[in-house]
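Reproduced below: model15.pdb, with PDB, C-alpha atoms.
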ATOM      1  CA  MET A   1      13.623  18.685   2.413
ATOM      2  CA  GLN A   2      11.463  15.552   2.778
ATOM      3  CA  ARG A   3       8.438  17.572   3.891
ATOM      4  CA  LEU A   4       8.833  19.962   0.957
ATOM      5  CA  PHE A   5       9.045  16.992  -1.431
ATOM      6  CA  ASP A   6       5.871  15.531   0.061
ATOM      7  CA  LEU A   7       3.931  18.806  -0.149
ATOM      8  CA  VAL A   8       4.971  19.555  -3.722
ATOM      9  CA  ILE A   9       4.245  16.061  -5.085
ATOM     10  CA  SER A  10       0.947  15.616  -3.214
ATOM     11  CA  GLY A  11      -0.246  19.139  -4.047
ATOM     12  CA  LEU A  12       0.491  18.678  -7.755
ATOM     13  CA  ALA A  13      -1.161  15.256  -7.746
ATOM     14  CA  ILE A  14      -4.348  16.607  -6.156
ATOM     15  CA  LEU A  15      -4.450  19.469  -8.658
ATOM     16  CA  VAL A  16      -3.921  17.228 -11.697
ATOM     17  CA  LEU A  17      -6.222  14.429 -10.525
ATOM     18  CA  SER A  18      -9.126  16.537  -9.199
ATOM     19  CA  PRO A  19     -11.162  16.093 -12.440
ATOM     20  CA  LEU A  20     -10.903  12.314 -11.879
ATOM     21  CA  LEU A  21     -11.755  12.370  -8.178
ATOM     22  CA  LEU A  22     -15.139  14.077  -8.488
ATOM     23  CA  PRO A  23     -16.702  11.513 -10.913
ATOM     24  CA  ILE A  24     -15.412   8.670  -8.720
ATOM     25  CA  ILE A  25     -17.044  10.215  -5.654
ATOM     26  CA  LEU A  26     -20.343  10.446  -7.571
ATOM     27  CA  LEU A  27     -20.123   6.855  -8.879
ATOM     28  CA  LEU A  28     -19.371   5.464  -5.431
ATOM     29  CA  ARG A  29     -22.305   7.379  -4.019
ATOM     30  CA  ILE A  30     -24.779   5.809  -6.450
ATOM     31  CA  THR A  31     -23.333   2.257  -6.559
ATOM     32  CA  GLY A  32     -22.585  -0.428  -4.006
ATOM     33  CA  GLU A  33     -23.582   0.637  -0.498
ATOM     34  CA  GLY A  34     -23.357   4.357  -1.207
ATOM     35  CA  GLU A  35     -20.183   4.813   0.830
ATOM     36  CA  VAL A  36     -17.506   7.071  -0.668
ATOM     37  CA  PHE A  37     -14.645   6.764   1.803
ATOM     38  CA  PHE A  38     -13.202   4.035   3.992
ATOM     39  CA  SER A  39     -11.169   5.077   7.027
ATOM     40  CA  GLN A  40      -9.138   2.852   9.317
ATOM     41  CA  GLU A  41      -6.660   3.398  12.129
ATOM     42  CA  ARG A  42      -3.091   2.715  11.026
ATOM     43  CA  MET A  43       0.282   2.825  12.747
ATOM     44  CA  GLY A  44       2.204   6.038  12.153
ATOM     45  CA  LYS A  45       5.610   7.482  12.998
ATOM     46  CA  GLY A  46       6.625   6.901  16.585
ATOM     47  CA  GLY A  47       3.813   4.400  17.095
ATOM     48  CA  SER A  48       1.063   7.021  16.983
ATOM     49  CA  LEU A  49      -2.224   5.979  15.366
ATOM     50  CA  PHE A  50      -3.857   8.019  12.619
ATOM     51  CA  SER A  51      -6.929   7.654  10.420
ATOM     52  CA  LEU A  52      -5.956   6.513   6.906
ATOM     53  CA  HIS A  53      -8.422   7.287   4.110
ATOM     54  CA  LYS A  54      -9.231   5.337   0.955
ATOM     55  CA  PHE A  55     -12.071   5.229  -1.529
ATOM     56  CA  ALA A  56     -14.522   2.532  -0.425
ATOM     57  CA  THR A  57     -14.041  -0.647  -2.458
ATOM     58  CA  MET A  58     -15.530  -3.345  -0.199
ATOM     59  CA  LEU A  59     -18.633  -4.061   1.831
ATOM     60  CA  LYS A  60     -18.783  -2.043   5.048
ATOM     61  CA  ASP A  61     -18.829  -5.188   7.196
ATOM     62  CA  SER A  62     -15.928  -6.826   5.340
ATOM     63  CA  PRO A  63     -13.676  -7.254   8.423
ATOM     64  CA  ASN A  64     -16.340  -9.547   9.889
ATOM     65  CA  ILE A  65     -16.935 -11.552   6.688
ATOM     66  CA  GLY A  66     -14.895 -14.241   4.925
ATOM     67  CA  SER A  67     -11.122 -13.701   5.181
ATOM     68  CA  GLY A  68     -11.495 -10.773   7.584
ATOM     69  CA  THR A  69      -8.803  -8.101   7.227
ATOM     70  CA  LEU A  70      -7.079  -9.944   4.351
ATOM     71  CA  THR A  71      -8.254  -9.393   0.776
ATOM     72  CA  VAL A  72      -7.827 -12.439  -1.464
ATOM     73  CA  GLN A  73      -8.019 -13.011  -5.191
ATOM     74  CA  ASN A  74     -11.604 -12.698  -6.561
ATOM     75  CA  ASP A  75     -12.790 -11.624  -3.123
ATOM     76  CA  PRO A  76     -16.630 -11.614  -3.170
ATOM     77  CA  ARG A  77     -16.747  -8.670  -0.760
ATOM     78  CA  ILE A  78     -15.394  -6.229  -3.351
ATOM     79  CA  LEU A  79     -17.986  -3.741  -4.647
ATOM     80  CA  PRO A  80     -18.858  -3.295  -8.380
ATOM     81  CA  LEU A  81     -16.456  -0.362  -8.856
ATOM     82  CA  GLY A  82     -13.991  -1.751  -6.343
ATOM     83  CA  ASN A  83     -11.950  -4.018  -8.617
ATOM     84  CA  PHE A  84     -11.171  -1.165 -11.009
ATOM     85  CA  LEU A  85     -10.225   1.199  -8.183
ATOM     86  CA  ARG A  86      -7.993  -1.386  -6.530
ATOM     87  CA  LYS A  87      -6.208  -2.543  -9.697
ATOM     88  CA  THR A  88      -5.446   1.041 -10.752
ATOM     89  CA  LYS A  89      -4.610   2.064  -7.143
ATOM     90  CA  ILE A  90      -7.075   4.941  -7.495
ATOM     91  CA  ASN A  91      -8.576   3.803  -4.182
ATOM     92  CA  GLU A  92      -5.386   5.029  -2.473
ATOM     93  CA  LEU A  93      -5.625   8.629  -3.769
ATOM     94  CA  PRO A  94      -7.451  10.079  -0.727
ATOM     95  CA  GLN A  95      -4.226   9.414   1.182
ATOM     96  CA  LEU A  96      -2.780  12.422  -0.619
ATOM     97  CA  PHE A  97      -4.700  14.433   1.978
ATOM     98  CA  ASN A  98      -3.032  12.344   4.710
ATOM     99  CA  VAL A  99       0.272  13.476   3.190
ATOM    100  CA  ILE A 100      -0.803  17.135   3.174
ATOM    101  CA  LYS A 101      -1.882  16.794   6.811
ATOM    102  CA  GLY A 102       1.486  15.295   7.776
ATOM    103  CA  ASP A 103       0.313  11.807   8.760
ATOM    104  CA  MET A 104       2.216  10.256   5.849
ATOM    105  CA  SER A 105       4.957  10.854   3.290
ATOM    106  CA  ILE A 106       4.804  10.152  -0.428
ATOM    107  CA  VAL A 107       7.374   7.351   0.015
ATOM    108  CA  GLY A 108       7.875   5.216   3.098
ATOM    109  CA  PRO A 109       6.849   1.946   4.718
ATOM    110  CA  ARG A 110       3.160   1.278   4.077
ATOM    111  CA  PRO A 111       1.061   2.052   7.166
ATOM    112  CA  GLN A 112      -0.265  -1.131   8.727
ATOM    113  CA  SER A 113      -3.306  -1.917  10.818
ATOM    114  CA  SER A 114      -2.552  -2.980  14.390
ATOM    115  CA  ARG A 115      -3.206  -6.615  13.439
ATOM    116  CA  ASN A 116      -0.741  -6.572  10.547
ATOM    117  CA  PHE A 117       1.839  -4.437  12.351
ATOM    118  CA  SER A 118       1.963  -7.028  15.137
ATOM    119  CA  ALA A 119       3.058  -9.624  12.538
ATOM    120  CA  PHE A 120       6.390  -7.774  12.160
ATOM    121  CA  SER A 121       9.259  -8.714  14.443
ATOM    122  CA  LYS A 122      10.001  -6.267  17.293
ATOM    123  CA  ASP A 123      13.162  -5.052  15.534
ATOM    124  CA  VAL A 124      11.253  -4.328  12.315
ATOM    125  CA  GLN A 125       8.543  -2.516  14.264
ATOM    126  CA  LYS A 126      11.113  -0.240  15.910
ATOM    127  CA  ASN A 127      12.765   0.481  12.557
ATOM    128  CA  ILE A 128       9.532   1.297  10.747
ATOM    129  CA  MET A 129       8.356   3.659  13.471
ATOM    130  CA  LEU A 130      11.436   5.845  12.921
ATOM    131  CA  VAL A 131       9.949   7.350   9.748
ATOM    132  CA  SER A 132       6.566   8.461   8.455
ATOM    133  CA  PRO A 133       4.569   5.801   6.595
ATOM    134  CA  GLY A 134       4.260   6.262   2.840
ATOM    135  CA  LEU A 135       1.661   6.393   0.129
ATOM    136  CA  THR A 136       3.992   4.059  -1.757
ATOM    137  CA  GLY A 137       7.233   2.234  -1.057
ATOM    138  CA  LEU A 138       9.266  -0.865  -1.817
ATOM    139  CA  GLY A 139       6.604  -3.040  -0.216
ATOM    140  CA  SER A 140       3.896  -1.384  -2.303
ATOM    141  CA  ILE A 141       5.815  -2.078  -5.509
ATOM    142  CA  PHE A 142       6.591  -5.738  -4.855
ATOM    143  CA  PHE A 143       3.201  -6.510  -3.292
ATOM    144  CA  SER A 144       1.153  -4.443  -5.757
ATOM    145  CA  ASP A 145      -0.874  -7.574  -6.568
ATOM    146  CA  GLU A 146      -0.888  -9.047  -3.088
ATOM    147  CA  GLU A 147      -4.363 -10.482  -3.620
ATOM    148  CA  ALA A 148      -2.973 -12.833  -6.288
ATOM    149  CA  MET A 149      -0.444 -14.139  -3.758
ATOM    150  CA  LEU A 150      -3.277 -15.130  -1.419
ATOM    151  CA  THR A 151      -4.730 -17.810  -3.657
ATOM    152  CA  SER A 152      -7.218 -20.481  -2.651
ATOM    153  CA  GLY A 153      -4.432 -23.049  -2.358
ATOM    154  CA  VAL A 154      -2.883 -21.577   0.785
ATOM    155  CA  ASN A 155      -3.882 -20.880   4.361
ATOM    156  CA  HIS A 156      -4.268 -17.128   4.003
ATOM    157  CA  ASP A 157      -3.428 -16.056   7.551
ATOM    158  CA  GLU A 158      -0.491 -18.439   7.885
ATOM    159  CA  PHE A 159       0.998 -17.508   4.495
ATOM    160  CA  TYR A 160       0.505 -13.799   5.178
ATOM    161  CA  ASP A 161       2.159 -13.907   8.592
ATOM    162  CA  SER A 162       4.961 -16.383   7.832
ATOM    163  CA  VAL A 163       5.917 -15.381   4.255
ATOM    164  CA  ILE A 164       4.483 -12.022   3.157
ATOM    165  CA  MET A 165       4.959  -9.965   6.321
ATOM    166  CA  PRO A 166       8.569 -11.027   7.015
ATOM    167  CA  TYR A 167       9.612 -10.020   3.490
ATOM    168  CA  LYS A 168       7.658  -6.774   3.736
ATOM    169  CA  GLY A 169       9.541  -6.102   6.942
ATOM    170  CA  GLN A 170      12.889  -6.671   5.207
ATOM    171  CA  LEU A 171      11.985  -4.295   2.379
ATOM    172  CA  GLU A 172      10.686  -1.587   4.691
ATOM    173  CA  THR A 173      13.758  -1.882   6.937
ATOM    174  CA  TRP A 174      16.049  -1.558   3.919
ATOM    175  CA  TYR A 175      14.215   1.611   2.904
ATOM    176  CA  VAL A 176      14.490   3.148   6.392
ATOM    177  CA  ASN A 177      18.248   2.485   6.398
ATOM    178  CA  HIS A 178      18.833   3.894   2.894
ATOM    179  CA  ALA A 179      16.187   6.603   2.505
ATOM    180  CA  SER A 180      17.096   9.548   0.267
ATOM    181  CA  ILE A 181      15.429  11.812  -2.292
ATOM    182  CA  LEU A 182      17.033   9.760  -5.089
ATOM    183  CA  ILE A 183      15.607   6.527  -3.655
ATOM    184  CA  ASP A 184      12.203   8.216  -3.307
ATOM    185  CA  LEU A 185      12.253   9.357  -6.945
ATOM    186  CA  LYS A 186      13.066   5.798  -8.060
ATOM    187  CA  VAL A 187      10.195   4.450  -5.955
ATOM    188  CA  VAL A 188       7.742   6.987  -7.440
ATOM    189  CA  TYR A 189       8.933   6.072 -10.969
ATOM    190  CA  LEU A 190       8.555   2.316 -10.396
ATOM    191  CA  THR A 191       5.159   2.819  -8.752
ATOM    192  CA  ALA A 192       3.977   4.684 -11.861
ATOM    193  CA  LEU A 193       5.304   1.839 -14.045
ATOM    194  CA  LYS A 194       3.381  -0.756 -12.028
ATOM    195  CA  ILE A 195       0.169   1.280 -12.273
ATOM    196  CA  ILE A 196       0.504   1.713 -16.051
ATOM    197  CA  PHE A 197       1.678  -1.884 -16.601
ATOM    198  CA  PRO A 198       0.115  -3.890 -13.722
ATOM    199  CA  LYS A 199       1.381  -7.244 -15.075
ATOM    200  CA  LEU A 200       4.968  -5.972 -15.174
ATOM    201  CA  LYS A 201       7.329  -8.011 -12.991
ATOM    202  CA  LEU A 202      10.279  -6.174 -11.490
ATOM    203  CA  ASN A 203      13.453  -7.299  -9.767
ATOM    204  CA  LEU A 204      14.005  -4.641  -7.107
ATOM    205  CA  SER A 205      17.706  -5.474  -6.819
ATOM    206  CA  ASN A 206      18.144  -4.142 -10.383
ATOM    207  CA  PHE A 207      17.134  -0.678  -9.124
ATOM    208  CA  PHE A 208      18.206  -0.694  -5.482
ATOM    209  CA  GLY A 209      21.574  -2.246  -4.712
ATOM    210  CA  GLY A 210      21.564  -4.574  -1.728
ATOM    211  CA  VAL A 211      17.804  -4.826  -1.371
ATOM    212  CA  PRO A 212      16.841  -8.244   0.093
ATOM    213  CA  ASN A 213      15.751 -10.926  -2.362
ATOM    214  CA  PRO A 214      12.281 -12.456  -1.873
ATOM    215  CA  PRO A 215      11.866 -15.933  -0.343
ATOM    216  CA  LYS A 216      11.354 -18.807  -2.757
ATOM    217  CA  GLU A 217       7.570 -18.733  -2.249
ATOM    218  CA  LEU A 218       7.454 -15.210  -3.723
ATOM    219  CA  GLN A 219      10.151 -15.374  -6.402
ATOM    220  CA  LYS A 220       7.649 -16.104  -9.171
ATOM    221  CA  PHE A 221       6.197 -12.626  -8.637
ATOM    222  CA  GLN A 222       9.413 -10.919  -9.781
ATOM    223  CA  CYS A 223      11.351 -11.124 -13.032
ATOM    224  CA  SER A 224      14.492 -13.259 -13.049
TER     225      SER A 224
END
With the file now loaded, output its structure as structure tokens.
Amino acid sequence: MQRLFDLVISGLAILVLSPLLLPIILLLRITGEGEVFFSQERMGKGGSLFSLHKFATMLKDSPNIGSGTLTVQNDPRILPLGNFLRKTKINELPQLFNVIKGDMSIVGPRPQSSRNFSAFSKDVQKNIMLVSPGLTGLGSIFFSDEEAMLTSGVNHDEFYDSVIMPYKGQLETWYVNHASILIDLKVVYLTALKIIFPKLKLNLSNFFGGVPNPPKELQKFQCS
């Protein structure tokens, strides 16, 4: 049932969005560094690695510049078209082909790089690896503007590892333990809301009973 859901939603999305994808490919080719796609190894189901695809939004050498693998607010490494693609989440659309291929689901824990995955506790890692990673999920909704959380006033790596990743782990674990088609439909609906209204603050507990509340450092990013 889950695989059918993934194929139907991703297939329809590719069909509907194809007129948008072609102009973006052309614009990326003639702006920035001329790169269209960015691919990176991410952790998949069962701990297997796969190549995740996005539209290129940053300098090719970004992992070796500035804040490394973390993207912060007003990051100077972002390309001219990159801010628009990132804010609208259009940069994530090539992952629809990851879904078609079977690397990912429409909804699930967001696939992490090895560096970020290692920031989860061992128990969270085991839980997350039980299911396929998702194009969107509870973590994607709450952390849709993660760059704004990594402001200049904090130690980026420390804040990411000690505050952001533990709460991501709690959200992803909750999803794994409660996954259903109804939950997935709610996640898709809320993801669409956040894309249309990026400044919208949501309280996930209003939509998903029993979901963990964020730590005090992150409470300002949800509605009361």
Contacts between segment 114-122 of chain A and segment 26-64 of chain A, please, where a residue of segment 26-64 of chain A counts if it comes within 10 Å (with all atoms listed in the file); show its shortest atom pair and distance in Å to one decimal, rows by chain and ascending number, as a Markdown table.
| residue | atom | partner | partner_atom | distance |
| --- | --- | --- | --- | --- |
| A:Glu41 | CA | A:Ser114 | CA | 7.9 |
| A:Arg42 | CA | A:Ser114 | CA | 6.6 |
| A:Met43 | CA | A:Ser114 | CA | 6.7 |
| A:Leu49 | CA | A:Ser114 | CA | 9.0 |
Env of Ser48 of chain A: 12 Å cut, atoms = all atoms listed in the file, seq-sep filter 6 positions within chain, self excluded. Answer as a PDB file with C-alpha atoms, in the frame of the given file.
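Final output, part13.pdb:
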ATOM      1  CA  GLU A  41      -6.660   3.398  12.129  1.00  0.00           C
ATOM      2  CA  ARG A  42      -3.091   2.715  11.026  1.00  0.00           C
ATOM      3  CA  ASP A 103       0.313  11.807   8.760  1.00  0.00           C
ATOM      4  CA  MET A 104       2.216  10.256   5.849  1.00  0.00           C
ATOM      5  CA  PRO A 111       1.061   2.052   7.166  1.00  0.00           C
ATOM      6  CA  GLN A 112      -0.265  -1.131   8.727  1.00  0.00           C
ATOM      7  CA  SER A 113      -3.306  -1.917  10.818  1.00  0.00           C
ATOM      8  CA  SER A 114      -2.552  -2.980  14.390  1.00  0.00           C
ATOM      9  CA  ILE A 128       9.532   1.297  10.747  1.00  0.00           C
ATOM     10  CA  MET A 129       8.356   3.659  13.471  1.00  0.00           C
ATOM     11  CA  LEU A 130      11.436   5.845  12.921  1.00  0.00           C
ATOM     12  CA  VAL A 131       9.949   7.350   9.748  1.00  0.00           C
ATOM     13  CA  SER A 132       6.566   8.461   8.455  1.00  0.00           C
ATOM     14  CA  PRO A 133       4.569   5.801   6.595  1.00  0.00           C
TER      15      PRO A 133
END
Query - One-decimal distance in Å that lies between atom CA of Glu146 of chain A and atom CA of Leu70 of chain A - result: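 About the pair atom CA of Leu70 of chain A and atom CA of Glu146 of chain A: they are 9.7 Å apart.
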Requested in this report: Rank nothing, just name the residue among A:Gln40, A:Thr31, A:Ser10, A:Gln222 nearest to Phe142 of chain A, using only C-alpha atoms.
Outcome: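 Looking at the shortest contact to Phe142 of chain A, the residue is A:Gln222.
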**Report entry** Straight-line distance linking atom CA of Leu193 of chain A with atom CA of Asn98 of chain A, stated in Å to one decimal
**Finding:**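 Interatomic distance, atom CA of Leu193 of chain A to atom CA of Asn98 of chain A: 23.1 Å.
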Query - Chain and number of each residue from the PyMOL selection byres ((chain A and resi 213) around 9), as a PyMOL selection string - result: chain A and resi 167+171+203-205+210-212+214-215+219
Starting from the incomplete input, reconstruct N, CA and C atoms of segment 148-169 of chain A and report them as a CSV table (one decimal), in the frame of the given file.
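Result saved to selection36.csv:
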chain,number,residue,atom,x,y,z
A,148,ALA,N,-3.3,-11.7,-5.5
A,148,ALA,CA,-3.0,-12.8,-6.3
A,148,ALA,C,-2.1,-13.8,-5.5
A,149,MET,N,-1.3,-13.3,-4.6
A,149,MET,CA,-0.4,-14.1,-3.8
A,149,MET,C,-1.3,-15.0,-2.8
A,150,LEU,N,-2.4,-14.4,-2.4
A,150,LEU,CA,-3.3,-15.1,-1.4
A,150,LEU,C,-4.3,-15.9,-2.2
A,151,THR,N,-3.9,-17.0,-2.8
A,151,THR,CA,-4.7,-17.8,-3.7
A,151,THR,C,-5.5,-18.8,-2.8
A,152,SER,N,-6.4,-19.5,-3.4
A,152,SER,CA,-7.2,-20.5,-2.7
A,152,SER,C,-6.4,-21.7,-2.2
A,153,GLY,N,-5.2,-21.9,-2.7
A,153,GLY,CA,-4.4,-23.0,-2.4
A,153,GLY,C,-3.6,-22.9,-1.1
A,154,VAL,N,-3.7,-21.8,-0.4
A,154,VAL,CA,-2.9,-21.6,0.8
A,154,VAL,C,-3.8,-21.2,2.0
A,155,ASN,N,-3.2,-21.4,3.2
A,155,ASN,CA,-3.9,-20.9,4.4
A,155,ASN,C,-3.5,-19.4,4.4
A,156,HIS,N,-4.5,-18.6,4.2
A,156,HIS,CA,-4.3,-17.1,4.0
A,156,HIS,C,-3.5,-16.5,5.2
A,157,ASP,N,-4.0,-16.7,6.4
A,157,ASP,CA,-3.4,-16.1,7.6
A,157,ASP,C,-2.0,-16.6,7.8
A,158,GLU,N,-1.8,-17.9,7.7
A,158,GLU,CA,-0.5,-18.4,7.9
A,158,GLU,C,0.5,-17.9,6.8
A,159,PHE,N,0.1,-17.9,5.6
A,159,PHE,CA,1.0,-17.5,4.5
A,159,PHE,C,1.3,-16.0,4.6
A,160,TYR,N,0.3,-15.2,5.0
A,160,TYR,CA,0.5,-13.8,5.2
A,160,TYR,C,1.5,-13.5,6.3
A,161,ASP,N,1.3,-14.2,7.4
A,161,ASP,CA,2.2,-13.9,8.6
A,161,ASP,C,3.6,-14.5,8.5
A,162,SER,N,3.7,-15.7,7.8
A,162,SER,CA,5.0,-16.4,7.8
A,162,SER,C,5.8,-16.1,6.6
A,163,VAL,N,5.2,-15.6,5.5
A,163,VAL,CA,5.9,-15.4,4.3
A,163,VAL,C,5.8,-13.9,3.8
A,164,ILE,N,4.6,-13.4,3.7
A,164,ILE,CA,4.5,-12.0,3.2
A,164,ILE,C,5.0,-11.0,4.1
A,165,MET,N,4.6,-11.0,5.4
A,165,MET,CA,5.0,-10.0,6.3
A,165,MET,C,6.5,-10.0,6.6
A,166,PRO,N,7.1,-11.1,6.8
A,166,PRO,CA,8.6,-11.0,7.0
A,166,PRO,C,9.3,-10.4,5.9
A,167,TYR,N,8.9,-10.7,4.6
A,167,TYR,CA,9.6,-10.0,3.5
A,167,TYR,C,9.3,-8.5,3.4
A,168,LYS,N,8.0,-8.2,3.7
A,168,LYS,CA,7.7,-6.8,3.7
A,168,LYS,C,8.5,-6.1,4.7
A,169,GLY,N,8.7,-6.7,5.9
A,169,GLY,CA,9.5,-6.1,6.9
A,169,GLY,C,11.0,-5.9,6.5
